[in-house]
>>> print(open('model07.pdb').read())   # PDB, C-alpha atoms
ATOM      1  CA  MET A   1      94.594  90.296 123.035  1.00  0.00           C
ATOM      2  CA  THR A   2      96.745  87.395 121.871  1.00  0.00           C
ATOM      3  CA  GLU A   3     100.431  87.761 121.087  1.00  0.00           C
ATOM      4  CA  LYS A   4      99.620  86.966 117.451  1.00  0.00           C
ATOM      5  CA  ASP A   5      97.170  89.875 117.293  1.00  0.00           C
ATOM      6  CA  ARG A   6      99.738  92.196 118.843  1.00  0.00           C
ATOM      7  CA  GLN A   7     102.257  91.160 116.220  1.00  0.00           C
ATOM      8  CA  ASP A   8      99.693  91.626 113.444  1.00  0.00           C
ATOM      9  CA  ASN A   9      98.838  95.106 114.697  1.00  0.00           C
ATOM     10  CA  GLN A  10     102.498  96.146 114.738  1.00  0.00           C
ATOM     11  CA  THR A  11     103.119  94.685 111.280  1.00  0.00           C
ATOM     12  CA  LEU A  12     100.073  96.535 109.977  1.00  0.00           C
ATOM     13  CA  LEU A  13     101.259  99.785 111.527  1.00  0.00           C
ATOM     14  CA  ASP A  14     104.586  99.465 109.724  1.00  0.00           C
ATOM     15  CA  PHE A  15     102.867  98.485 106.469  1.00  0.00           C
ATOM     16  CA  TRP A  16     100.434 101.407 106.397  1.00  0.00           C
ATOM     17  CA  ASP A  17     103.075 103.860 107.560  1.00  0.00           C
ATOM     18  CA  LYS A  18     105.065 103.034 104.427  1.00  0.00           C
ATOM     19  CA  ALA A  19     101.987 102.788 102.185  1.00  0.00           C
ATOM     20  CA  PHE A  20     100.975 106.388 102.910  1.00  0.00           C
ATOM     21  CA  ALA A  21     104.478 107.850 102.849  1.00  0.00           C
ATOM     22  CA  LEU A  22     104.663 110.857 100.540  1.00  0.00           C
ATOM     23  CA  SER A  23     107.398 110.947  97.936  1.00  0.00           C
ATOM     24  CA  GLU A  24     108.935 114.115  96.583  1.00  0.00           C
ATOM     25  CA  GLU A  25     107.088 113.363  93.343  1.00  0.00           C
ATOM     26  CA  ASP A  26     103.790 113.283  95.240  1.00  0.00           C
ATOM     27  CA  LYS A  27     104.556 116.663  96.775  1.00  0.00           C
ATOM     28  CA  ALA A  28     105.602 118.123  93.432  1.00  0.00           C
ATOM     29  CA  GLU A  29     102.333 117.029  91.832  1.00  0.00           C
ATOM     30  CA  ALA A  30     100.491 119.082  94.447  1.00  0.00           C
ATOM     31  CA  ALA A  31     101.443 122.210  92.532  1.00  0.00           C
ATOM     32  CA  SER A  32      98.847 121.251  89.911  1.00  0.00           C
ATOM     33  CA  TRP A  33      95.949 121.069  92.375  1.00  0.00           C
ATOM     34  CA  ASP A  34      93.056 123.433  91.883  1.00  0.00           C
ATOM     35  CA  PRO A  35      90.377 124.453  94.418  1.00  0.00           C
ATOM     36  CA  GLU A  36      88.021 121.703  93.213  1.00  0.00           C
ATOM     37  CA  SER A  37      90.488 118.806  93.483  1.00  0.00           C
ATOM     38  CA  TRP A  38      88.958 117.674  96.776  1.00  0.00           C
ATOM     39  CA  LYS A  39      85.976 116.367  94.835  1.00  0.00           C
ATOM     40  CA  GLU A  40      88.230 113.705  93.310  1.00  0.00           C
ATOM     41  CA  LEU A  41      89.745 112.413  96.555  1.00  0.00           C
ATOM     42  CA  ALA A  42      87.237 109.605  97.140  1.00  0.00           C
ATOM     43  CA  PRO A  43      88.066 106.414  95.209  1.00  0.00           C
ATOM     44  CA  VAL A  44      84.499 106.116  93.861  1.00  0.00           C
ATOM     45  CA  GLU A  45      81.296 108.164  93.725  1.00  0.00           C
ATOM     46  CA  LYS A  46      79.428 106.123  96.337  1.00  0.00           C
ATOM     47  CA  LEU A  47      82.165 106.749  98.879  1.00  0.00           C
ATOM     48  CA  PHE A  48      82.167 110.433  97.990  1.00  0.00           C
ATOM     49  CA  ARG A  49      78.426 110.663  98.604  1.00  0.00           C
ATOM     50  CA  ALA A  50      78.756 108.852 101.914  1.00  0.00           C
ATOM     51  CA  ALA A  51      81.445 111.226 103.167  1.00  0.00           C
ATOM     52  CA  ALA A  52      79.607 114.252 101.783  1.00  0.00           C
ATOM     53  CA  SER A  53      76.475 113.283 103.723  1.00  0.00           C
ATOM     54  CA  LEU A  54      78.442 113.914 106.916  1.00  0.00           C
ATOM     55  CA  GLY A  55      78.641 117.561 105.932  1.00  0.00           C
ATOM     56  CA  GLN A  56      75.213 117.969 107.538  1.00  0.00           C
ATOM     57  CA  LYS A  57      76.627 116.977 110.920  1.00  0.00           C
ATOM     58  CA  LYS A  58      78.106 119.226 113.599  1.00  0.00           C
ATOM     59  CA  LYS A  59      81.063 117.104 114.705  1.00  0.00           C
ATOM     60  CA  VAL A  60      82.549 114.231 112.712  1.00  0.00           C
ATOM     61  CA  LEU A  61      85.316 111.693 113.345  1.00  0.00           C
ATOM     62  CA  ASP A  62      87.119 109.962 110.483  1.00  0.00           C
ATOM     63  CA  TYR A  63      88.812 107.030 112.237  1.00  0.00           C
ATOM     64  CA  GLY A  64      91.603 105.293 110.343  1.00  0.00           C
ATOM     65  CA  CYS A  65      91.655 108.296 108.043  1.00  0.00           C
ATOM     66  CA  GLY A  66      94.472 107.332 105.687  1.00  0.00           C
ATOM     67  CA  ASN A  67      95.164 110.391 103.541  1.00  0.00           C
ATOM     68  CA  GLY A  68      92.128 112.120 105.020  1.00  0.00           C
ATOM     69  CA  TRP A  69      89.850 111.969 101.985  1.00  0.00           C
ATOM     70  CA  ALA A  70      86.633 111.388 103.976  1.00  0.00           C
ATOM     71  CA  ALA A  71      87.431 114.052 106.572  1.00  0.00           C
ATOM     72  CA  ILE A  72      88.189 116.575 103.831  1.00  0.00           C
ATOM     73  CA  ILE A  73      84.987 115.821 101.931  1.00  0.00           C
ATOM     74  CA  ALA A  74      82.920 116.098 105.133  1.00  0.00           C
ATOM     75  CA  ALA A  75      84.515 119.451 105.946  1.00  0.00           C
ATOM     76  CA  LYS A  76      84.131 120.791 102.412  1.00  0.00           C
ATOM     77  CA  SER A  77      80.495 119.639 102.449  1.00  0.00           C
ATOM     78  CA  GLY A  78      79.669 121.776 105.470  1.00  0.00           C
ATOM     79  CA  CYS A  79      80.701 120.079 108.717  1.00  0.00           C
ATOM     80  CA  PRO A  80      82.333 122.784 110.881  1.00  0.00           C
ATOM     81  CA  ASN A  81      84.205 120.441 113.219  1.00  0.00           C
ATOM     82  CA  VAL A  82      86.030 117.439 111.745  1.00  0.00           C
ATOM     83  CA  THR A  83      88.635 115.214 113.362  1.00  0.00           C
ATOM     84  CA  ALA A  84      90.790 112.748 111.423  1.00  0.00           C
ATOM     85  CA  ALA A  85      92.744 110.067 113.268  1.00  0.00           C
ATOM     86  CA  ASP A  86      95.119 107.291 112.280  1.00  0.00           C
ATOM     87  CA  ALA A  87      97.667 105.101 114.042  1.00  0.00           C
ATOM     88  CA  ALA A  88     100.132 105.163 111.129  1.00  0.00           C
ATOM     89  CA  PRO A  89     102.429 108.216 111.185  1.00  0.00           C
ATOM     90  CA  GLY A  90     102.711 108.143 107.402  1.00  0.00           C
ATOM     91  CA  ALA A  91      98.939 108.382 107.061  1.00  0.00           C
ATOM     92  CA  VAL A  92      98.797 111.290 109.508  1.00  0.00           C
ATOM     93  CA  ARG A  93     101.436 113.181 107.533  1.00  0.00           C
ATOM     94  CA  ALA A  94      99.575 112.455 104.291  1.00  0.00           C
ATOM     95  CA  ALA A  95      96.292 113.694 105.796  1.00  0.00           C
ATOM     96  CA  GLN A  96      97.958 116.861 107.078  1.00  0.00           C
ATOM     97  CA  PHE A  97      99.492 117.511 103.669  1.00  0.00           C
ATOM     98  CA  THR A  98      96.231 116.928 101.793  1.00  0.00           C
ATOM     99  CA  ALA A  99      94.191 119.025 104.239  1.00  0.00           C
ATOM    100  CA  SER A 100      96.673 121.861 103.790  1.00  0.00           C
ATOM    101  CA  LEU A 101      96.353 121.654 100.005  1.00  0.00           C
ATOM    102  CA  CYS A 102      92.585 121.912 100.383  1.00  0.00           C
ATOM    103  CA  GLY A 103      92.818 124.954 102.653  1.00  0.00           C
ATOM    104  CA  LEU A 104      91.602 122.992 105.674  1.00  0.00           C
ATOM    105  CA  ALA A 105      94.700 122.902 107.859  1.00  0.00           C
ATOM    106  CA  ASP A 106      92.924 124.897 110.573  1.00  0.00           C
ATOM    107  CA  GLN A 107      89.469 123.321 110.213  1.00  0.00           C
ATOM    108  CA  ILE A 108      90.389 119.619 110.438  1.00  0.00           C
ATOM    109  CA  LYS A 109      92.074 118.349 113.598  1.00  0.00           C
ATOM    110  CA  ILE A 110      94.401 115.484 112.669  1.00  0.00           C
ATOM    111  CA  HIS A 111      95.751 113.103 115.299  1.00  0.00           C
ATOM    112  CA  ALA A 112      98.312 110.317 115.416  1.00  0.00           C
ATOM    113  CA  VAL A 113      96.619 107.949 117.820  1.00  0.00           C
ATOM    114  CA  SER A 114      97.516 105.157 120.213  1.00  0.00           C
ATOM    115  CA  PRO A 115      95.383 102.017 120.697  1.00  0.00           C
ATOM    116  CA  ASP A 116      93.730 103.650 123.735  1.00  0.00           C
ATOM    117  CA  TRP A 117      92.887 106.957 122.068  1.00  0.00           C
ATOM    118  CA  LEU A 118      89.191 106.247 121.549  1.00  0.00           C
ATOM    119  CA  LYS A 119      88.780 105.291 125.212  1.00  0.00           C
ATOM    120  CA  ASN A 120      89.727 108.820 126.268  1.00  0.00           C
ATOM    121  CA  ILE A 121      87.001 110.509 124.199  1.00  0.00           C
ATOM    122  CA  PRO A 122      83.927 111.531 126.218  1.00  0.00           C
ATOM    123  CA  ALA A 123      80.663 109.733 125.513  1.00  0.00           C
ATOM    124  CA  GLU A 124      78.386 111.132 122.795  1.00  0.00           C
ATOM    125  CA  THR A 125      81.024 113.488 121.405  1.00  0.00           C
ATOM    126  CA  TYR A 126      80.368 112.975 117.692  1.00  0.00           C
ATOM    127  CA  ASP A 127      77.205 112.993 115.600  1.00  0.00           C
ATOM    128  CA  GLY A 128      79.078 111.633 112.595  1.00  0.00           C
ATOM    129  CA  PHE A 129      81.558 108.754 112.351  1.00  0.00           C
ATOM    130  CA  ILE A 130      83.218 107.143 109.344  1.00  0.00           C
ATOM    131  CA  CYS A 131      85.657 104.238 109.289  1.00  0.00           C
ATOM    132  CA  SER A 132      86.534 103.024 105.797  1.00  0.00           C
ATOM    133  CA  ASN A 133      88.781 100.112 104.804  1.00  0.00           C
ATOM    134  CA  VAL A 134      89.872  99.520 108.393  1.00  0.00           C
ATOM    135  CA  LEU A 135      87.770  97.042 110.353  1.00  0.00           C
ATOM    136  CA  ASP A 136      88.324  94.053 108.090  1.00  0.00           C
ATOM    137  CA  VAL A 137      92.062  94.528 107.670  1.00  0.00           C
ATOM    138  CA  ILE A 138      92.886  94.369 111.383  1.00  0.00           C
ATOM    139  CA  PRO A 139      92.575  91.567 113.963  1.00  0.00           C
ATOM    140  CA  PRO A 140      88.932  90.861 114.910  1.00  0.00           C
ATOM    141  CA  GLU A 141      89.405  91.735 118.573  1.00  0.00           C
ATOM    142  CA  THR A 142      90.804  95.143 117.600  1.00  0.00           C
ATOM    143  CA  ALA A 143      87.910  95.739 115.205  1.00  0.00           C
ATOM    144  CA  GLU A 144      85.298  94.870 117.817  1.00  0.00           C
ATOM    145  CA  GLU A 145      86.950  97.181 120.351  1.00  0.00           C
ATOM    146  CA  ILE A 146      86.741 100.039 117.821  1.00  0.00           C
ATOM    147  CA  LEU A 147      83.045  99.336 117.286  1.00  0.00           C
ATOM    148  CA  ARG A 148      82.411  99.229 121.028  1.00  0.00           C
ATOM    149  CA  GLU A 149      84.090 102.588 121.549  1.00  0.00           C
ATOM    150  CA  ALA A 150      82.450 104.075 118.462  1.00  0.00           C
ATOM    151  CA  ALA A 151      79.018 103.250 119.887  1.00  0.00           C
ATOM    152  CA  ARG A 152      79.974 104.972 123.129  1.00  0.00           C
ATOM    153  CA  ILE A 153      81.342 108.190 121.614  1.00  0.00           C
ATOM    154  CA  VAL A 154      78.560 108.860 119.089  1.00  0.00           C
ATOM    155  CA  THR A 155      75.210 110.464 119.802  1.00  0.00           C
ATOM    156  CA  ASP A 156      71.923 108.597 119.493  1.00  0.00           C
ATOM    157  CA  ASP A 157      71.157 110.339 116.201  1.00  0.00           C
ATOM    158  CA  ALA A 158      74.666 109.968 114.773  1.00  0.00           C
ATOM    159  CA  SER A 159      75.363 108.888 111.208  1.00  0.00           C
ATOM    160  CA  VAL A 160      77.805 105.972 111.339  1.00  0.00           C
ATOM    161  CA  ILE A 161      79.404 104.796 108.095  1.00  0.00           C
ATOM    162  CA  ILE A 162      81.559 101.671 107.792  1.00  0.00           C
ATOM    163  CA  GLY A 163      83.335 100.771 104.551  1.00  0.00           C
ATOM    164  CA  LEU A 164      84.502  97.170 104.095  1.00  0.00           C
ATOM    165  CA  ASN A 165      86.157  95.015 101.487  1.00  0.00           C
ATOM    166  CA  TYR A 166      84.475  92.072  99.772  1.00  0.00           C
ATOM    167  CA  TRP A 167      83.791  88.648 101.249  1.00  0.00           C
ATOM    168  CA  LEU A 168      86.350  86.134 100.043  1.00  0.00           C
ATOM    169  CA  SER A 169      85.179  82.553 100.506  1.00  0.00           C
ATOM    170  CA  PRO A 170      87.709  79.774 101.203  1.00  0.00           C
ATOM    171  CA  ASP A 171      86.828  78.169  97.856  1.00  0.00           C
ATOM    172  CA  THR A 172      87.348  81.413  95.935  1.00  0.00           C
ATOM    173  CA  ALA A 173      90.596  82.026  97.782  1.00  0.00           C
ATOM    174  CA  ALA A 174      91.843  78.551  96.903  1.00  0.00           C
ATOM    175  CA  ALA A 175      90.908  79.054  93.257  1.00  0.00           C
ATOM    176  CA  ARG A 176      93.082  82.187  93.269  1.00  0.00           C
ATOM    177  CA  GLY A 177      95.980  80.366  94.850  1.00  0.00           C
ATOM    178  CA  LEU A 178      95.400  82.023  98.227  1.00  0.00           C
ATOM    179  CA  GLU A 179      95.043  80.535 101.691  1.00  0.00           C
ATOM    180  CA  LEU A 180      92.776  81.839 104.430  1.00  0.00           C
ATOM    181  CA  GLN A 181      94.251  81.122 107.822  1.00  0.00           C
ATOM    182  CA  ASP A 182      91.666  80.134 110.437  1.00  0.00           C
ATOM    183  CA  GLY A 183      89.127  80.207 107.599  1.00  0.00           C
ATOM    184  CA  SER A 184      89.075  84.006 107.305  1.00  0.00           C
ATOM    185  CA  ARG A 185      92.490  85.677 107.592  1.00  0.00           C
ATOM    186  CA  LEU A 186      94.378  86.482 104.410  1.00  0.00           C
ATOM    187  CA  TYR A 187      98.076  87.297 104.783  1.00  0.00           C
ATOM    188  CA  VAL A 188     100.198  88.727 101.991  1.00  0.00           C
ATOM    189  CA  ASP A 189     103.949  88.721 102.591  1.00  0.00           C
ATOM    190  CA  GLY A 190     103.286  88.272 106.288  1.00  0.00           C
ATOM    191  CA  VAL A 191     100.893  91.233 106.530  1.00  0.00           C
ATOM    192  CA  LEU A 192      97.219  90.766 107.448  1.00  0.00           C
ATOM    193  CA  ARG A 193      95.342  92.181 104.461  1.00  0.00           C
ATOM    194  CA  LEU A 194      91.829  90.850 104.994  1.00  0.00           C
ATOM    195  CA  VAL A 195      89.607  89.264 107.624  1.00  0.00           C
ATOM    196  CA  SER A 196      86.921  87.849 105.365  1.00  0.00           C
ATOM    197  CA  ARG A 197      83.365  87.846 106.708  1.00  0.00           C
ATOM    198  CA  THR A 198      79.956  87.600 105.076  1.00  0.00           C
ATOM    199  CA  ASP A 199      77.354  90.366 105.305  1.00  0.00           C
ATOM    200  CA  GLU A 200      75.471  88.324 107.887  1.00  0.00           C
ATOM    201  CA  GLU A 201      78.575  87.874 110.016  1.00  0.00           C
ATOM    202  CA  TRP A 202      79.228  91.617 110.014  1.00  0.00           C
ATOM    203  CA  ILE A 203      75.617  92.374 110.903  1.00  0.00           C
ATOM    204  CA  LYS A 204      75.933  90.035 113.882  1.00  0.00           C
ATOM    205  CA  ILE A 205      79.124  91.802 114.970  1.00  0.00           C
ATOM    206  CA  PHE A 206      77.457  95.208 114.657  1.00  0.00           C
ATOM    207  CA  SER A 207      74.273  94.135 116.438  1.00  0.00           C
ATOM    208  CA  PRO A 208      75.273  94.719 120.088  1.00  0.00           C
ATOM    209  CA  PHE A 209      75.949  98.348 119.224  1.00  0.00           C
ATOM    210  CA  PHE A 210      74.320  99.290 115.921  1.00  0.00           C
ATOM    211  CA  ILE A 211      71.417  98.556 113.609  1.00  0.00           C
ATOM    212  CA  VAL A 212      72.176  98.412 109.887  1.00  0.00           C
ATOM    213  CA  GLU A 213      69.935 100.974 108.246  1.00  0.00           C
ATOM    214  CA  ARG A 214      71.360 100.474 104.784  1.00  0.00           C
ATOM    215  CA  LEU A 215      73.858  98.262 102.974  1.00  0.00           C
ATOM    216  CA  GLU A 216      75.233  99.409  99.636  1.00  0.00           C
ATOM    217  CA  TYR A 217      77.759  97.706  97.372  1.00  0.00           C
ATOM    218  CA  PHE A 218      80.483  99.371  95.350  1.00  0.00           C
ATOM    219  CA  ALA A 219      83.618  98.561  93.359  1.00  0.00           C
ATOM    220  CA  TRP A 220      87.053 100.087  93.175  1.00  0.00           C
ATOM    221  CA  PRO A 221      88.059 101.570  89.812  1.00  0.00           C
ATOM    222  CA  GLY A 222      88.809  98.729  87.421  1.00  0.00           C
ATOM    223  CA  GLU A 223      86.638  96.169  89.215  1.00  0.00           C
ATOM    224  CA  GLU A 224      83.730  94.795  87.190  1.00  0.00           C
ATOM    225  CA  THR A 225      81.497  93.677  90.054  1.00  0.00           C
ATOM    226  CA  GLU A 226      80.303  95.695  93.041  1.00  0.00           C
ATOM    227  CA  THR A 227      81.220  93.446  95.953  1.00  0.00           C
ATOM    228  CA  ARG A 228      82.753  95.904  98.425  1.00  0.00           C
ATOM    229  CA  ARG A 229      80.404  97.055 101.144  1.00  0.00           C
ATOM    230  CA  LEU A 230      79.238 100.333 102.621  1.00  0.00           C
ATOM    231  CA  PHE A 231      77.202  99.981 105.814  1.00  0.00           C
ATOM    232  CA  ARG A 232      75.183 102.870 107.217  1.00  0.00           C
ATOM    233  CA  LEU A 233      74.467 102.264 110.871  1.00  0.00           C
ATOM    234  CA  LYS A 234      72.231 103.621 113.601  1.00  0.00           C
ATOM    235  CA  LYS A 235      73.295 103.465 117.219  1.00  0.00           C
ATOM    236  CA  TYR A 236      71.655 100.495 118.906  1.00  0.00           C
ATOM    237  CA  SER A 237      69.495 101.390 121.876  1.00  0.00           C
ATOM    238  CA  LYS A 238      67.489  99.438 124.435  1.00  0.00           C
ATOM    239  CA  ASP A 239      64.315 100.472 122.597  1.00  0.00           C
ATOM    240  CA  ASP A 240      65.412  98.420 119.594  1.00  0.00           C
ATOM    241  CA  THR A 241      64.388  94.796 119.787  1.00  0.00           C
ATOM    242  CA  GLU A 242      67.183  93.338 117.697  1.00  0.00           C
ATOM    243  CA  GLY A 243      70.006  94.126 115.310  1.00  0.00           C
ATOM    244  CA  GLY A 244      69.848  93.605 111.560  1.00  0.00           C
ATOM    245  CA  ILE A 245      68.858  95.553 108.477  1.00  0.00           C
ATOM    246  CA  ARG A 246      65.786  97.684 108.989  1.00  0.00           C
TER     247      ARG A 246
END
>>> encode(input="model07.pdb", output="structure tokens")
Amino acid sequence: MTEKDRQDNQTLLDFWDKAFALSEEDKAEAASWDPESWKELAPVEKLFRAAASLGQKKKVLDYGCGNGWAAIIAAKSGCPNVTAADAAPGAVRAAQFTASLCGLADQIKIHAVSPDWLKNIPAETYDGFICSNVLDVIPPETAEEILREAARIVTDDASVIIGLNYWLSPDTAAARGLELQDGSRLYVDGVLRLVSRTDEEWIKIFSPFFIVERLEYFAWPGEETETRRLFRLKKYSKDDTEGGIR
């Protein structure tokens, strides 16, 4: 890993730690939660359905969990063994708080993780894996290492779900007054906020480890066009001739 990537990873850790920090106002609002509030945790319906589909699995990992929305939905949808993990302490605290509100403090195992955490998980531990809004906001080498370890720790029949932001072309970036460093990296106030890649580029990156079974597009609330991406992957095996969308 280059020194630049190490610096980016540390800057990102600090950024997301602060982004997920809970204010006293946030905690006070929790008093208004009702037992069905977990159904509103996902930003959009397509993400909710993706996380809910993991409820059919026996053991699920939500990697880069943020406030734990996907882990909570998977657990509430039936998965008996859910783990949520994030490198940012603020995110871990937010996930613990939200899981407690949902009555899942004992069901969901929540971990603050180091860069080597995935490497210590035994092979084929999980039959469900979700990683949303993570892989394209971190240095490429870090993202590819996560994918490599994910392929190792999931079972052959695992459901693997990857949520990504939109592709931002250099021309579109320039029209918005933005600059993509090295043709793909968008920095905002010194923080890496996007590594922009096309669908085809992501499929190529997945292909040593996974086959894309389905690609779905979605939009955040307030966005008019569905350009964000939700990949559903199947673990790549030697019996498969090539990667790509089936």
>>> residues_around(input="model07.pdb", residues="Ala219 in chain A", least_positions_apart="5", cutoff="8 Å", atoms="all atoms listed in the file", output="PyMOL selection string")
chain A and resi 44+224-228
>>> write_last_selection(input="model07.pdb", atoms="C-alpha atoms", output="CSV table (one decimal), in the coordinates of the input")
chain,number,residue,atom,x,y,z
A,44,VAL,CA,84.5,106.1,93.9
A,224,GLU,CA,83.7,94.8,87.2
A,225,THR,CA,81.5,93.7,90.1
A,226,GLU,CA,80.3,95.7,93.0
A,227,THR,CA,81.2,93.4,96.0
A,228,ARG,CA,82.8,95.9,98.4
>>> residues_around(input="model07.pdb", residues="Ser77 in chain A", least_positions_apart="5", cutoff="9 Å", atoms="all atoms listed in the file", output="list of chain:residue names")
A:Ala51, A:Ala52, A:Ser53, A:Leu54, A:Gly55, A:Gln56, A:Ile72
>>> resolve_selection(input="model07.pdb", expression="the PyMOL selection byres ((chain A and resi 25-29) around 12)", output="list in words")
Phe20, Ala21, Leu22, Ser23, Glu24, Ala30, Ala31, Ser32, Trp33, Asp34, Arg93, Ala94, Phe97, Thr98, Ser100 and Leu101 of chain A
>>> closest_residue(input="model07.pdb", among="A:Pro208, A:Gly183, A:Pro89, A:Pro80", to="Glu144 in chain A", atoms="all atoms listed in the file")
A:Pro208
>>> closest_residue(input="model07.pdb", among="A:Thr11, A:Ala50, A:Arg6, A:Phe206", to="Asp189 in chain A", atoms="only C-alpha atoms")
A:Thr11
>>> closest_residue(input="model07.pdb", among="A:Tyr187, A:Trp220, A:Tyr126, A:Trp16", to="Ala91 in chain A", atoms="all atoms listed in the file")
A:Trp16
>>> residues_near_point(input="model07.pdb", point="(83.3, 121.6, 99.3)", cutoff="9 Å", atoms="only C-alpha atoms", output="list in words")
Glu36, Trp38, Lys39, Ala52, Ile72, Ile73, Ala74, Ala75, Lys76, Ser77 and Gly78 of chain A
>>> closest_residue(input="model07.pdb", among="A:Asp136, A:Glu213, A:Asp127, A:Asp62", to="Lys109 in chain A", atoms="all atoms listed in the file")
A:Asp62
>>> resolve_selection(input="model07.pdb", expression="the PyMOL selection byres ((chain A and resi 43) around 10)", output="mmCIF file with C-alpha atoms, keeping the file's coordinate frame")
data_model
loop_
_atom_site.group_PDB
_atom_site.id
_atom_site.type_symbol
_atom_site.label_atom_id
_atom_site.label_comp_id
_atom_site.auth_asym_id
_atom_site.auth_seq_id
_atom_site.Cartn_x
_atom_site.Cartn_y
_atom_site.Cartn_z
ATOM 1 C CA GLU A 40 88.230 113.705 93.310
ATOM 2 C CA LEU A 41 89.745 112.413 96.555
ATOM 3 C CA ALA A 42 87.237 109.605 97.140
ATOM 4 C CA VAL A 44 84.499 106.116 93.861
ATOM 5 C CA GLU A 45 81.296 108.164 93.725
ATOM 6 C CA LYS A 46 79.428 106.123 96.337
ATOM 7 C CA LEU A 47 82.165 106.749 98.879
ATOM 8 C CA PHE A 48 82.167 110.433 97.990
ATOM 9 C CA TRP A 69 89.850 111.969 101.985
ATOM 10 C CA ALA A 219 83.618 98.561 93.359
ATOM 11 C CA TRP A 220 87.053 100.087 93.175
ATOM 12 C CA PRO A 221 88.059 101.570 89.812
#
>>> resolve_selection(input="model07.pdb", expression="the PyMOL selection byres ((chain A and resi 154) around 6)", output="list of chain:residue names")
A:Glu124, A:Thr125, A:Tyr126, A:Asp127, A:Ala151, A:Arg152, A:Ile153, A:Thr155, A:Ala158
>>> closest_residue(input="model07.pdb", among="A:Lys57, A:Pro35, A:Gly68, A:Asp156", to="Ala99 in chain A", atoms="all atoms listed in the file")
A:Gly68
>>> closest_residue(input="model07.pdb", among="A:Pro139, A:Gly222, A:Gly66, A:Pro115", to="Ser184 in chain A", atoms="all atoms listed in the file")
A:Pro139
>>> atom_distance(input="model07.pdb", atom1="CA of Trp167 in chain A", atom2="CA of Asn133 in chain A")
13.0 Å
>>> axis_aligned_box(input="model07.pdb", around="range 75-91 of chain A", padding_each_side="5 Å", output="lines of an AutoDock Vina configuration file")
center_x = 91.2
center_y = 113.9
center_z = 108.2
size_x = 33.0
size_y = 27.7
size_z = 21.6
>>> atom_distance(input="model07.pdb", atom1="CA of Lys234 in chain A", atom2="CA of Val160 in chain A")
6.5 Å
>>> residues_around(input="model07.pdb", residues="Val60 in chain A", least_positions_apart="6", cutoff="6 Å", atoms="all atoms listed in the file", output="list in words")
Val82, Tyr126, Gly128 and Phe129 of chain A
